[in-house]
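K.L.:
Before I ask anything, here is the structure I am working with.
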Amino acid sequence: MKKLFLFFIIFTAFIAGSQAQILNLPDTIYSGKQGAMHVQGVVVDQAKGYVYFSFTDKLIKTDINGKLIGSVTGFVGHLGDLDFGNDGKIYGSLEYKNDAIGKGIKKELGIETENEDGFYIAIFDPSKIVRPNMDAEKEELLQTVYLKEAVNDYKAKVKSGNTHIAHRFACSGIDGVAFAPEIGSSNTAKKYLYVAYGIYGDTTRTDNDHQVILKYDTTDWDKYAKPLSQGNLHHSGPQKPLDKYFVKTGNTRYGIQNLAYDPFTGNLFAAVYHGAKSWFANYDLFVINGKKKPLNSLISSDGKQIKVKTLALLDQGLKDPKSGINGWFFKWGATGLCPLGSGLFYISHNKKTAGGQQQSTLHQYKWTGDKQNPFTLVK
C-alpha cells in the first residue's frame, strides 16, 4: 500500500511538473537582431529550455529567455522551416537554386558563384551547438540528405497548351517540414517526415493550385546522410518518398512556409503567403485533417489528368463559396509556427528595423479555430 501511495505521489508530481512546464513558458521570446535575412522557422525544446530559429543563412540557439547560446553560420542557400525528429535532432529544409530567390540570397551575401540546384534535409545535432558562429561545413554538427523527388519536379518541364513550361506542379523547392503520424491512421506512435514544396505563385498557370507534400520514413537515413559541402553538392538520398500527397488550397506564393503537427488536435497546420489568383479566397492558414485517410483523385498536370493521393482540409473556419476551400485569414505564422501542447503555440512575429536588421518575437497563442480569430494571444 505504501508503494502504491508513493507511486501516486510521484506520478502526480510528474503530471503537475509537465503542466507547469507548459504554463511557465514565457509569453514572448525575442530572437535578437540577426542581420539581413528574415526568420523562416522555429522549434522549442521545452524539456531542455532551448529555442532554435532559422534565419535563412544561419541557425541560432537561445535559451527560453532569448539569451544567445550558439549559432550555425556559413549557409549560402536557403535554410527554411524546422522540426524535431524522432531522434531528438533538428530537421530543416535546405535549398540551393538559381532562381530569383537563390540569386537574391547570394546577392545579399555578396556571393557571385552559381551552385548546382539541390534540395536537402539538414539534420542538426542540437547538443553540439555550443557557441556563436559555428561553421556549417567545418564542424561536425550537421548532416544532409538529398531529396531527389523534389529536384526532379523542380527541373522538369511540362506541357501547357501548345508550349512547355518549367517546374512540374510549379515546384519552386521545399520549405515546410513536420514530423507527424501517418495521416488517417489511429497509430500515432510512429512519426514520419512530411516535406512541403514551395509553389511558384504564377497566376497564369492552372497546375499550381495544390500544395504538394512528400512523406519519408527517416529511420534508416544514416545510410544517406553526408556532411554539407556547398561547393560540391552530393546526391545521397532516397530515390522516392513513401508517399506524395496533394492538398487543394488554391495557389499560394511559394507554397507552405511553415508546416506543424499539433498532437493536441491531431492535425497539420500550414501557414502560407497568400496567393494572388482572384478566383480563390487566398487564405493565410490552412489545417490539414490528420484523421481523414488520403483519397485517390485526379488532377491536371503536363497536359493530362494524373492519379494522385489527396488530403482533406479541416471542415472548419471560413469556407470559400466558389471553391469550397476552408481556411483562415491570420497575419502571422509563415515565419514560425510551433505547437507546445494543450492547444498552445509559439507563433513568430517577424520584423525588420529601420537599419535592415531582421528579428523575430515569439508570442504564445491559444488555438480556438474561430472563423475570425483562429488564435488568441496568451497574456
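Just so we're on the same page: first chain in the C-alpha cells is A, next is B, and so on; residues restart at 1 for each chain, and ligands are numbered from 1 in the order they show up.
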Using only C-alpha atoms, what does the table of segment 318-372 of chain A residues within 9 Å of segment 300-313 of chain A look like, with each row giving the shortest atom pair and its distance in Å to one decimal, sorted by chain and ascending number, as JSON lines?
P.N.:
```
{"residue": "A:Ile325", "atom": "CA", "partner": "A:Leu313", "partner_atom": "CA", "distance": 7.7}
{"residue": "A:Asn326", "atom": "CA", "partner": "A:Leu313", "partner_atom": "CA", "distance": 6.6}
{"residue": "A:Gly327", "atom": "CA", "partner": "A:Leu313", "partner_atom": "CA", "distance": 8.1}
```
K.L.:
Given the selection you just returned, output its residues as a file containing C-alpha atoms, formatted as a compact mmCIF listing (two decimals), in the first residue's frame.
P.N.:
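Printed below is selection.txt as written:
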```txt
# COMPACT_ATOMS: atom_id res chain seq x y z
CA ILE A 325 -11.92 25.54 -49.71
CA ASN A 326 -11.68 26.04 -45.94
CA GLY A 327 -9.10 28.27 -44.28
```
K.L.:
May I have the residues within 8 Å of Ser236 of chain A as an MDAnalysis selection string, using only C-alpha atoms and disregarding those fewer than 5 positions away in the same chain?
P.N.:
chainID A and resid 145:146 224:226
K.L.:
Just want the 9 Å neighbourhood of Pro374 of chain A, counted on only C-alpha atoms, with same-chain residues fewer than 6 positions away dropped. Output as a compact mmCIF listing (two decimals) with N, CA and C atoms, in the first residue's frame.
P.N.:
```txt
# COMPACT_ATOMS: atom_id res chain seq x y z
N GLY A 317 -13.49 26.86 -39.90
CA GLY A 317 -13.01 28.15 -40.35
C GLY A 317 -13.93 28.74 -41.40
N TRP A 328 -8.32 30.16 -43.05
CA TRP A 328 -8.42 31.32 -42.17
C TRP A 328 -7.53 32.45 -42.68
N PHE A 329 -7.93 33.68 -42.38
CA PHE A 329 -7.06 34.83 -42.56
C PHE A 329 -6.37 35.08 -41.21
N PHE A 330 -5.05 34.99 -41.20
CA PHE A 330 -4.28 35.21 -39.98
C PHE A 330 -2.92 35.73 -40.38
N LYS A 366 -3.21 30.67 -28.12
CA LYS A 366 -4.09 29.54 -27.89
C LYS A 366 -4.95 29.34 -29.14
N TRP A 367 -4.99 28.09 -29.63
CA TRP A 367 -5.81 27.78 -30.80
C TRP A 367 -7.28 27.76 -30.41
N THR A 368 -8.11 28.46 -31.17
CA THR A 368 -9.55 28.48 -30.95
C THR A 368 -10.31 27.86 -32.12
```
K.L.:
Which residues of segment 54-76 of chain A sit at most 7 Å from segment 121-142 of chain A, using only C-alpha atoms? Give each one's shortest atom pair and distance in Å (one decimal place), in chain and ascending residue order, as CSV.
P.N.:
```
residue,atom,partner,partner_atom,distance
A:Ile69,CA,A:Arg131,CA,5.9
A:Gly70,CA,A:Arg131,CA,3.9
A:Ser71,CA,A:Pro132,CA,4.5
A:Val72,CA,A:Met134,CA,4.7
A:Thr73,CA,A:Asp135,CA,5.4
A:Gly74,CA,A:Ala136,CA,5.7
A:Phe75,CA,A:Ala136,CA,6.7
```
K.L.:
Could the residues in this selection be written to a file with N, CA and C atoms, as a compact mmCIF listing (two decimals), in the first residue's frame?
P.N.:
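Output saved as out_10.txt:
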```txt
# COMPACT_ATOMS: atom_id res chain seq x y z
N ILE A 69 22.87 31.26 -27.16
CA ILE A 69 23.73 30.16 -26.72
C ILE A 69 24.74 29.80 -27.80
N GLY A 70 24.29 29.75 -29.04
CA GLY A 70 25.17 29.38 -30.14
C GLY A 70 24.49 29.60 -31.48
N SER A 71 25.24 29.43 -32.55
CA SER A 71 24.68 29.58 -33.89
C SER A 71 25.50 28.78 -34.90
N VAL A 72 24.84 28.41 -35.99
CA VAL A 72 25.49 27.71 -37.11
C VAL A 72 25.39 28.62 -38.32
N THR A 73 26.53 29.03 -38.86
CA THR A 73 26.55 30.02 -39.93
C THR A 73 27.28 29.46 -41.15
N GLY A 74 27.26 30.26 -42.21
CA GLY A 74 28.00 29.89 -43.41
C GLY A 74 27.16 29.29 -44.52
N PHE A 75 25.84 29.24 -44.35
CA PHE A 75 24.97 28.72 -45.42
C PHE A 75 24.90 29.72 -46.56
```
K.L.:
Considering only C-alpha atoms, can you say which of A:Gly266, A:Thr376, A:Gly355, A:Leu285 comes closest to Lys33 of chain A?
P.N.:
A:Gly355
